[in-house]
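Q: Okay, here's the structure, questions in a sec.
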Amino acid sequence: MLMKVLIPSSVYHIILAHALSTEKEEIIGMLIGEWQELRNTNPFMSNRAIASIEAVSILTRSDKRKDRVEIAPEQLHLAALEAEQVSKRLGRKMNVIGWYHSHPHITVFPSHVDLRTQLSQQYLDSHFFGIIVSCFDSSAEHTQRIQLTCFQAENAADGTVSRVNVPIEIVPSATVPAVIRETFLDLPKRMFEEHNKEYEAATTKRIQYGDHRKITSDKMTELYNAGVYGQSITHLVDNVICPATQLLEATAHDLDRQVQCNKGNPRKVGCLLHGVD
């Protein structure tokens with residue numbers, strides 16, 4: 001039984017930035033971490049555990065949909081390879097322990113597709129869990145609202161699949177580990193690759209007429225595709241790159257302030273600087 005999920009605030013920032021990167025389609029990623037088994041002498045509660053997230057695997061979407069995402073086997077394999085790399089860097093065993101995706105403009109509750117996807121992963125690992133971020137959802141006061149939920153799935157008596165809510169705790173991060181910073185900086189690159197692949201796929205399509213195989217190009221379509229591509233890149237800069245830059249600048253400013261305040265304590269300064277190695 002999964003009792004709780006612990007998310008460092010640095011990991012939460014990555015998940016939130018990824019979810020806010022687009023409001024037209026759902027995004028998806030895998031969660032890397034470890035299980036903390038809870039000791040209990042009660043035989044009916046012997047399989048209890050707490051999940052601790054340590055890293056995020058951002059998945060490049062090959063199929064963008066407005067209302068659903070699913071975990072492909074190859075995506076799970078790539079996330080497992082990333083987990084191995086994280087294990088080597090942290091010096092302890094890391095696994096793919098969950099997944100997350102966004103719900104732009106809709107509620108935070110998992111759909112029937114989400115529940116069946118979740119249940120299929122629990123057949124492999126009973127502790128596997130899912131996280132949903134509901135974003136771009138305006139309230140009655142016309143303010144943006146972000147909601148977060150963590151869930152598992154189970155078969156109900158009537159044959160349907162129902163959700164099981166899992167407590168979630170966001171733990172403040174004193175420092176940002178190198179693996180988290182690299183993932184945070186890699187997010188704009190992954191989003192750019194998605195936009196670039198879409199644009200290249202659209203511009204390489206041609207229509208063939210007759211036996212002479214004459215290749216023609218619709219200029220209006222090319223102009224439209226170029227406009228959409230430019231709009232996507234502008235959105236990426238405004239909503240991902242600029243906020244990321246501002247966050248890093250604010251973090252650097254706060255670190256400088258702490259170093260100045262602890263100049264008389266070399267050990268404290270060393271600990272602060274070690275957190276950004």
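FYI, nothing fancy with the structure tokens labels: chains A, B, ... in order, residues from 1 per chain, ligands from 1 as they appear.
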Give me the residues within 8 Å of stretch 94-111 of chain A as an mmCIF file with N, CA, C and O atoms, in the first residue's frame, counting only C-alpha atoms and dropping any in the same chain fewer than 5 places off.
A:
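Saved the output as around18.cif:
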```
data_model
loop_
_atom_site.group_PDB
_atom_site.id
_atom_site.type_symbol
_atom_site.label_atom_id
_atom_site.label_comp_id
_atom_site.auth_asym_id
_atom_site.auth_seq_id
_atom_site.Cartn_x
_atom_site.Cartn_y
_atom_site.Cartn_z
ATOM 1 N N ILE A 15 7.892 19.900 -12.928
ATOM 2 C CA ILE A 15 6.591 19.373 -13.356
ATOM 3 C C ILE A 15 5.655 20.515 -13.728
ATOM 4 O O ILE A 15 4.950 20.470 -14.751
ATOM 5 N N ALA A 19 4.070 21.398 -17.384
ATOM 6 C CA ALA A 19 2.619 21.457 -17.586
ATOM 7 C C ALA A 19 2.191 22.788 -18.193
ATOM 8 O O ALA A 19 1.254 22.842 -19.004
ATOM 9 N N GLU A 23 -0.908 24.836 -23.558
ATOM 10 C CA GLU A 23 -2.286 24.716 -23.104
ATOM 11 C C GLU A 23 -3.182 24.050 -24.144
ATOM 12 O O GLU A 23 -4.392 23.959 -23.970
ATOM 13 N N LYS A 24 -2.580 23.565 -25.245
ATOM 14 C CA LYS A 24 -3.372 22.952 -26.315
ATOM 15 C C LYS A 24 -3.372 21.436 -26.246
ATOM 16 O O LYS A 24 -4.289 20.789 -26.726
ATOM 17 N N GLU A 25 -2.289 20.860 -25.714
ATOM 18 C CA GLU A 25 -2.220 19.407 -25.602
ATOM 19 C C GLU A 25 -1.722 19.026 -24.210
ATOM 20 O O GLU A 25 -1.128 19.836 -23.503
ATOM 21 N N GLU A 26 -1.990 17.789 -23.842
ATOM 22 C CA GLU A 26 -1.489 17.275 -22.579
ATOM 23 C C GLU A 26 -0.016 16.887 -22.724
ATOM 24 O O GLU A 26 0.406 16.407 -23.770
ATOM 25 N N ILE A 27 0.745 17.105 -21.660
ATOM 26 C CA ILE A 27 2.160 16.704 -21.641
ATOM 27 C C ILE A 27 2.303 15.489 -20.733
ATOM 28 O O ILE A 27 1.402 15.177 -19.934
ATOM 29 N N ILE A 28 3.424 14.790 -20.846
ATOM 30 C CA ILE A 28 3.625 13.576 -20.057
ATOM 31 C C ILE A 28 5.098 13.436 -19.698
ATOM 32 O O ILE A 28 5.989 13.861 -20.445
ATOM 33 N N GLY A 29 5.348 12.855 -18.542
ATOM 34 C CA GLY A 29 6.709 12.580 -18.098
ATOM 35 C C GLY A 29 6.693 11.450 -17.091
ATOM 36 O O GLY A 29 5.645 11.071 -16.559
ATOM 37 N N MET A 30 7.868 10.898 -16.816
ATOM 38 C CA MET A 30 7.998 9.815 -15.855
ATOM 39 C C MET A 30 8.737 10.315 -14.621
ATOM 40 O O MET A 30 9.560 11.233 -14.699
ATOM 41 N N LEU A 31 8.437 9.708 -13.482
ATOM 42 C CA LEU A 31 9.016 10.103 -12.201
ATOM 43 C C LEU A 31 10.015 9.045 -11.736
ATOM 44 O O LEU A 31 9.702 7.853 -11.717
ATOM 45 N N ILE A 32 11.191 9.496 -11.371
ATOM 46 C CA ILE A 32 12.275 8.604 -10.962
ATOM 47 C C ILE A 32 12.543 8.811 -9.467
ATOM 48 O O ILE A 32 12.627 9.945 -8.999
ATOM 49 N N GLY A 33 12.668 7.723 -8.744
ATOM 50 C CA GLY A 33 12.917 7.846 -7.308
ATOM 51 C C GLY A 33 13.106 6.493 -6.661
ATOM 52 O O GLY A 33 13.569 5.541 -7.289
ATOM 53 N N GLU A 34 12.703 6.402 -5.404
ATOM 54 C CA GLU A 34 12.892 5.167 -4.648
ATOM 55 C C GLU A 34 11.737 4.978 -3.669
ATOM 56 O O GLU A 34 11.028 5.924 -3.317
ATOM 57 N N TRP A 35 11.581 3.712 -3.235
ATOM 58 C CA TRP A 35 10.560 3.375 -2.243
ATOM 59 C C TRP A 35 11.190 3.307 -0.863
ATOM 60 O O TRP A 35 12.300 2.800 -0.703
ATOM 61 N N ALA A 51 6.793 6.881 -1.283
ATOM 62 C CA ALA A 51 7.550 7.137 -2.509
ATOM 63 C C ALA A 51 8.280 8.469 -2.387
ATOM 64 O O ALA A 51 7.686 9.476 -1.996
ATOM 65 N N ILE A 53 10.443 11.055 -4.705
ATOM 66 C CA ILE A 53 10.841 11.396 -6.075
ATOM 67 C C ILE A 53 12.175 12.142 -6.048
ATOM 68 O O ILE A 53 12.361 13.069 -5.263
ATOM 69 N N ASP A 67 -6.823 15.736 -25.446
ATOM 70 C CA ASP A 67 -7.558 15.220 -24.303
ATOM 71 C C ASP A 67 -7.001 13.936 -23.699
ATOM 72 O O ASP A 67 -7.622 13.364 -22.803
ATOM 73 N N VAL A 69 -3.173 11.310 -22.975
ATOM 74 C CA VAL A 69 -1.810 10.834 -23.196
ATOM 75 C C VAL A 69 -1.754 9.402 -22.670
ATOM 76 O O VAL A 69 -2.479 9.031 -21.755
ATOM 77 N N ALA A 79 12.820 5.921 -19.984
ATOM 78 C CA ALA A 79 12.820 6.421 -18.609
ATOM 79 C C ALA A 79 13.631 5.506 -17.696
ATOM 80 O O ALA A 79 14.332 5.970 -16.791
ATOM 81 N N ALA A 80 13.556 4.197 -17.951
ATOM 82 C CA ALA A 80 14.341 3.248 -17.150
ATOM 83 C C ALA A 80 15.837 3.456 -17.366
ATOM 84 O O ALA A 80 16.639 3.350 -16.427
ATOM 85 N N ALA A 83 16.813 6.381 -15.379
ATOM 86 C CA ALA A 83 16.871 6.020 -13.962
ATOM 87 C C ALA A 83 18.219 5.381 -13.626
ATOM 88 O O ALA A 83 18.774 5.606 -12.545
ATOM 89 N N GLU A 84 18.752 4.595 -14.550
ATOM 90 C CA GLU A 84 20.062 3.987 -14.335
ATOM 91 C C GLU A 84 21.150 5.055 -14.249
ATOM 92 O O GLU A 84 22.069 4.959 -13.424
ATOM 93 N N VAL A 86 20.710 8.184 -13.302
ATOM 94 C CA VAL A 86 20.516 8.888 -12.034
ATOM 95 C C VAL A 86 21.074 8.058 -10.882
ATOM 96 O O VAL A 86 21.664 8.590 -9.939
ATOM 97 N N SER A 87 20.896 6.728 -10.949
ATOM 98 C CA SER A 87 21.428 5.843 -9.912
ATOM 99 C C SER A 87 22.941 5.969 -9.797
ATOM 100 O O SER A 87 23.499 6.026 -8.686
ATOM 101 N N HIS A 127 3.092 -0.298 -6.239
ATOM 102 C CA HIS A 127 3.298 1.032 -5.658
ATOM 103 C C HIS A 127 3.301 2.140 -6.709
ATOM 104 O O HIS A 127 3.370 3.321 -6.357
ATOM 105 N N PHE A 128 3.258 1.783 -7.973
ATOM 106 C CA PHE A 128 3.315 2.777 -9.051
ATOM 107 C C PHE A 128 2.145 3.757 -8.901
ATOM 108 O O PHE A 128 1.026 3.371 -8.585
ATOM 109 N N PHE A 129 2.395 5.053 -9.147
ATOM 110 C CA PHE A 129 1.375 6.077 -8.940
ATOM 111 C C PHE A 129 1.387 7.090 -10.074
ATOM 112 O O PHE A 129 2.303 7.132 -10.892
ATOM 113 N N GLY A 130 0.348 7.895 -10.120
ATOM 114 C CA GLY A 130 0.235 8.928 -11.137
ATOM 115 C C GLY A 130 -0.035 10.284 -10.511
ATOM 116 O O GLY A 130 -0.647 10.384 -9.446
ATOM 117 N N ILE A 131 0.433 11.341 -11.177
ATOM 118 C CA ILE A 131 0.202 12.719 -10.740
ATOM 119 C C ILE A 131 -0.410 13.489 -11.909
ATOM 120 O O ILE A 131 0.037 13.347 -13.048
ATOM 121 N N ILE A 132 -1.431 14.272 -11.619
ATOM 122 C CA ILE A 132 -2.083 15.101 -12.634
ATOM 123 C C ILE A 132 -2.004 16.562 -12.211
ATOM 124 O O ILE A 132 -2.261 16.891 -11.044
ATOM 125 N N VAL A 133 -1.628 17.425 -13.157
ATOM 126 C CA VAL A 133 -1.594 18.873 -12.927
ATOM 127 C C VAL A 133 -2.682 19.507 -13.789
ATOM 128 O O VAL A 133 -2.621 19.442 -15.014
ATOM 129 N N SER A 134 -3.674 20.097 -13.146
ATOM 130 C CA SER A 134 -4.721 20.828 -13.859
ATOM 131 C C SER A 134 -4.303 22.294 -13.950
ATOM 132 O O SER A 134 -4.050 22.933 -12.920
ATOM 133 N N CYS A 135 -4.209 22.813 -15.169
ATOM 134 C CA CYS A 135 -3.713 24.174 -15.366
ATOM 135 C C CYS A 135 -4.529 24.892 -16.441
ATOM 136 O O CYS A 135 -5.334 24.267 -17.135
ATOM 137 N N PHE A 136 -4.302 26.182 -16.572
ATOM 138 C CA PHE A 136 -5.038 27.034 -17.512
ATOM 139 C C PHE A 136 -6.545 26.959 -17.263
ATOM 140 O O PHE A 136 -7.347 27.059 -18.184
ATOM 141 N N ASP A 137 -6.898 26.771 -16.001
ATOM 142 C CA ASP A 137 -8.310 26.663 -15.626
ATOM 143 C C ASP A 137 -8.695 27.922 -14.866
ATOM 144 O O ASP A 137 -8.306 28.109 -13.712
ATOM 145 N N SER A 138 -9.453 28.804 -15.495
ATOM 146 C CA SER A 138 -9.824 30.082 -14.880
ATOM 147 C C SER A 138 -10.994 29.891 -13.920
ATOM 148 O O SER A 138 -11.946 29.171 -14.216
ATOM 149 N N GLN A 147 -4.198 22.992 -9.927
ATOM 150 C CA GLN A 147 -4.520 21.938 -8.972
ATOM 151 C C GLN A 147 -3.634 20.729 -9.231
ATOM 152 O O GLN A 147 -3.261 20.439 -10.373
ATOM 153 N N LEU A 148 -3.340 20.022 -8.155
ATOM 154 C CA LEU A 148 -2.452 18.860 -8.223
ATOM 155 C C LEU A 148 -3.095 17.703 -7.489
ATOM 156 O O LEU A 148 -3.654 17.882 -6.405
ATOM 157 N N THR A 149 -3.043 16.522 -8.087
ATOM 158 C CA THR A 149 -3.563 15.334 -7.419
ATOM 159 C C THR A 149 -2.641 14.154 -7.677
ATOM 160 O O THR A 149 -1.956 14.089 -8.704
ATOM 161 N N ARG A 163 -10.577 5.435 -8.873
ATOM 162 C CA ARG A 163 -9.328 6.039 -8.407
ATOM 163 C C ARG A 163 -9.177 5.896 -6.898
ATOM 164 O O ARG A 163 -10.164 5.821 -6.158
#
```
Q: Identify, on the basis of only C-alpha atoms, every residue whose closest approach to A:Thr60 does not exceed 12 Å; exclude the query and any residue fewer than 6 positions from it along the same chain; express the result as a ChimeraX atom specification.
A: /A:18,26-30,69,71-72,74-76,78-79,186-198
Q: Restricted to N, CA and C atoms, what would the selected residues look like written as an mmCIF file, in the first residue's frame?
A:
```
data_model
loop_
_atom_site.group_PDB
_atom_site.id
_atom_site.type_symbol
_atom_site.label_atom_id
_atom_site.label_comp_id
_atom_site.auth_asym_id
_atom_site.auth_seq_id
_atom_site.Cartn_x
_atom_site.Cartn_y
_atom_site.Cartn_z
ATOM 1 N N HIS A 18 6.731 22.202 -16.997
ATOM 2 C CA HIS A 18 6.396 21.335 -18.126
ATOM 3 C C HIS A 18 4.898 21.418 -18.436
ATOM 4 N N GLU A 26 -1.990 17.789 -23.842
ATOM 5 C CA GLU A 26 -1.489 17.275 -22.579
ATOM 6 C C GLU A 26 -0.016 16.887 -22.724
ATOM 7 N N ILE A 27 0.745 17.105 -21.660
ATOM 8 C CA ILE A 27 2.160 16.704 -21.641
ATOM 9 C C ILE A 27 2.303 15.489 -20.733
ATOM 10 N N ILE A 28 3.424 14.790 -20.846
ATOM 11 C CA ILE A 28 3.625 13.576 -20.057
ATOM 12 C C ILE A 28 5.098 13.436 -19.698
ATOM 13 N N GLY A 29 5.348 12.855 -18.542
ATOM 14 C CA GLY A 29 6.709 12.580 -18.098
ATOM 15 C C GLY A 29 6.693 11.450 -17.091
ATOM 16 N N MET A 30 7.868 10.898 -16.816
ATOM 17 C CA MET A 30 7.998 9.815 -15.855
ATOM 18 C C MET A 30 8.737 10.315 -14.621
ATOM 19 N N VAL A 69 -3.173 11.310 -22.975
ATOM 20 C CA VAL A 69 -1.810 10.834 -23.196
ATOM 21 C C VAL A 69 -1.754 9.402 -22.670
ATOM 22 N N ILE A 71 1.130 5.957 -21.899
ATOM 23 C CA ILE A 71 2.533 5.561 -21.733
ATOM 24 C C ILE A 71 2.864 4.478 -22.737
ATOM 25 N N ALA A 72 3.743 4.778 -23.683
ATOM 26 C CA ALA A 72 4.187 3.790 -24.662
ATOM 27 C C ALA A 72 5.323 2.956 -24.067
ATOM 28 N N GLU A 74 8.140 2.023 -25.325
ATOM 29 C CA GLU A 74 9.466 2.582 -25.589
ATOM 30 C C GLU A 74 9.767 3.773 -24.686
ATOM 31 N N GLN A 75 8.713 4.521 -24.301
ATOM 32 C CA GLN A 75 8.910 5.642 -23.393
ATOM 33 C C GLN A 75 9.301 5.153 -22.002
ATOM 34 N N LEU A 76 8.674 4.086 -21.568
ATOM 35 C CA LEU A 76 9.005 3.500 -20.271
ATOM 36 C C LEU A 76 10.428 2.970 -20.268
ATOM 37 N N LEU A 78 12.966 4.157 -22.133
ATOM 38 C CA LEU A 78 13.874 5.310 -22.085
ATOM 39 C C LEU A 78 13.962 5.886 -20.678
ATOM 40 N N ALA A 79 12.820 5.921 -19.984
ATOM 41 C CA ALA A 79 12.820 6.421 -18.609
ATOM 42 C C ALA A 79 13.631 5.506 -17.696
ATOM 43 N N ASP A 186 16.954 21.376 -19.673
ATOM 44 C CA ASP A 186 16.708 20.537 -20.850
ATOM 45 C C ASP A 186 15.273 20.649 -21.359
ATOM 46 N N LEU A 187 14.367 21.148 -20.508
ATOM 47 C CA LEU A 187 12.954 21.251 -20.892
ATOM 48 C C LEU A 187 12.744 22.094 -22.157
ATOM 49 N N PRO A 188 13.307 23.322 -22.255
ATOM 50 C CA PRO A 188 13.105 24.091 -23.505
ATOM 51 C C PRO A 188 13.648 23.371 -24.735
ATOM 52 N N LYS A 189 14.748 22.644 -24.572
ATOM 53 C CA LYS A 189 15.327 21.905 -25.692
ATOM 54 C C LYS A 189 14.371 20.817 -26.170
ATOM 55 N N ARG A 190 13.775 20.083 -25.241
ATOM 56 C CA ARG A 190 12.823 19.027 -25.607
ATOM 57 C C ARG A 190 11.605 19.612 -26.315
ATOM 58 N N MET A 191 11.100 20.730 -25.808
ATOM 59 C CA MET A 191 9.938 21.362 -26.430
ATOM 60 C C MET A 191 10.279 21.868 -27.832
ATOM 61 N N PHE A 192 11.481 22.422 -27.995
ATOM 62 C CA PHE A 192 11.902 22.893 -29.313
ATOM 63 C C PHE A 192 12.002 21.734 -30.297
ATOM 64 N N GLU A 193 12.524 20.593 -29.834
ATOM 65 C CA GLU A 193 12.631 19.421 -30.702
ATOM 66 C C GLU A 193 11.249 18.969 -31.184
ATOM 67 N N GLU A 194 10.251 19.012 -30.296
ATOM 68 C CA GLU A 194 8.896 18.637 -30.697
ATOM 69 C C GLU A 194 8.370 19.568 -31.787
ATOM 70 N N HIS A 195 8.513 20.883 -31.559
ATOM 71 C CA HIS A 195 8.025 21.860 -32.545
ATOM 72 C C HIS A 195 8.777 21.726 -33.867
ATOM 73 N N ASN A 196 10.075 21.507 -33.788
ATOM 74 C CA ASN A 196 10.885 21.419 -35.006
ATOM 75 C C ASN A 196 10.540 20.180 -35.817
ATOM 76 N N LYS A 197 10.309 19.050 -35.150
ATOM 77 C CA LYS A 197 9.928 17.822 -35.853
ATOM 78 C C LYS A 197 8.575 17.984 -36.540
ATOM 79 N N GLU A 198 7.645 18.638 -35.864
ATOM 80 C CA GLU A 198 6.334 18.872 -36.469
ATOM 81 C C GLU A 198 6.457 19.739 -37.717
#
```
Q: Run DSSP on the backbone and tell me which residues of stretch 23-174 of chain A come out as strand (DSSP E or B); list them as a PyMOL selection string.
A: chain A and resi 28-37+49-58+95-104+129-138+144-155+161-165+168-171
Q: I'd like to know which of A:Arg48, A:Arg89, A:Lys219, A:Lys4 is closest to A:Pro177, using only C-alpha atoms.
A: A:Arg89
Q: Atom CA of A:Asn225 to atom CA of A:Val240: how many Å, to one decimal?
A: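 Atom CA of A:Val240 lies at a distance of 21.7 Å from atom CA of A:Asn225.
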Q: Rank nothing, just name the residue among A:Leu20, A:Ala202, A:Ile14, A:Ile7 nearest to A:Arg145, using only C-alpha atoms.
A: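 Ranking A:Leu20, A:Ala202, A:Ile14, A:Ile7 by distance to A:Arg145, first place goes to A:Leu20.
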Q: If you run DSSP over the backbone, which residues in stretch 80-152 of chain A end up alpha helix (DSSP H)? Put them as a list in words.
A: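 Taking stretch 80-152 of chain A and keeping alpha helix (DSSP H) only, one gets Ala80, Leu81, Glu82, Ala83, Glu84, Gln85, Val86, Ser87, Lys88, Arg89, Leu90, His112, Val113, Asp114, Leu115, Arg116, Thr117, Gln118, Leu119, Ser120, Gln121 and Gln122 of chain A.
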Q: Mind dumping a table of every stretch 109-196 of chain A residue within 12 Å of stretch 255-260 of chain A, with the nearest atom pair and its distance in Å to one decimal, using only C-alpha atoms, sorted by chain and rising number, as a tab-separated table?
A:
```
residue	atom	partner	partner_atom	distance
A:Ala174	CA	A:Leu255	CA	10.7
A:Thr175	CA	A:Leu255	CA	9.7
A:Val176	CA	A:Leu255	CA	11.3
```
Q: Have a look at atom CA of A:Ile180 and atom CA of A:Tyr199 and let me know their distance in Å, one decimal.
A: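 Pair atom CA of A:Ile180 / atom CA of A:Tyr199 returns 29.3 Å.
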Q: For each of A:Ser9, A:Thr183, A:Gln121, A:Asn165, take the minimum atom-to-atom distance to A:Val56, counting only C-alpha atoms, then give the residue where this is smallest.
A: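 The shortest atom-to-atom distance to A:Val56 comes from A:Thr183.
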Q: Smallest atom-to-atom distance to A:Glu54: which of A:Gly230, A:Gly91, A:Pro8, A:Pro73, using only C-alpha atoms?
A: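 Looking at the shortest contact to A:Glu54, the residue is A:Pro8.
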Q: Go ahead and compute the interatomic distance for atom CA of A:Leu6 and atom CA of A:Ile168, in Å to one decimal.
A: 6.1 Å
Q: Given the choices A:Ser21, A:Val164, A:His112, A:Tyr12, which gets closest to A:Asp238 if the distance is worked out from only C-alpha atoms?
A: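 Nearest candidate to A:Asp238 out of A:Ser21, A:Val164, A:His112, A:Tyr12: A:Ser21.
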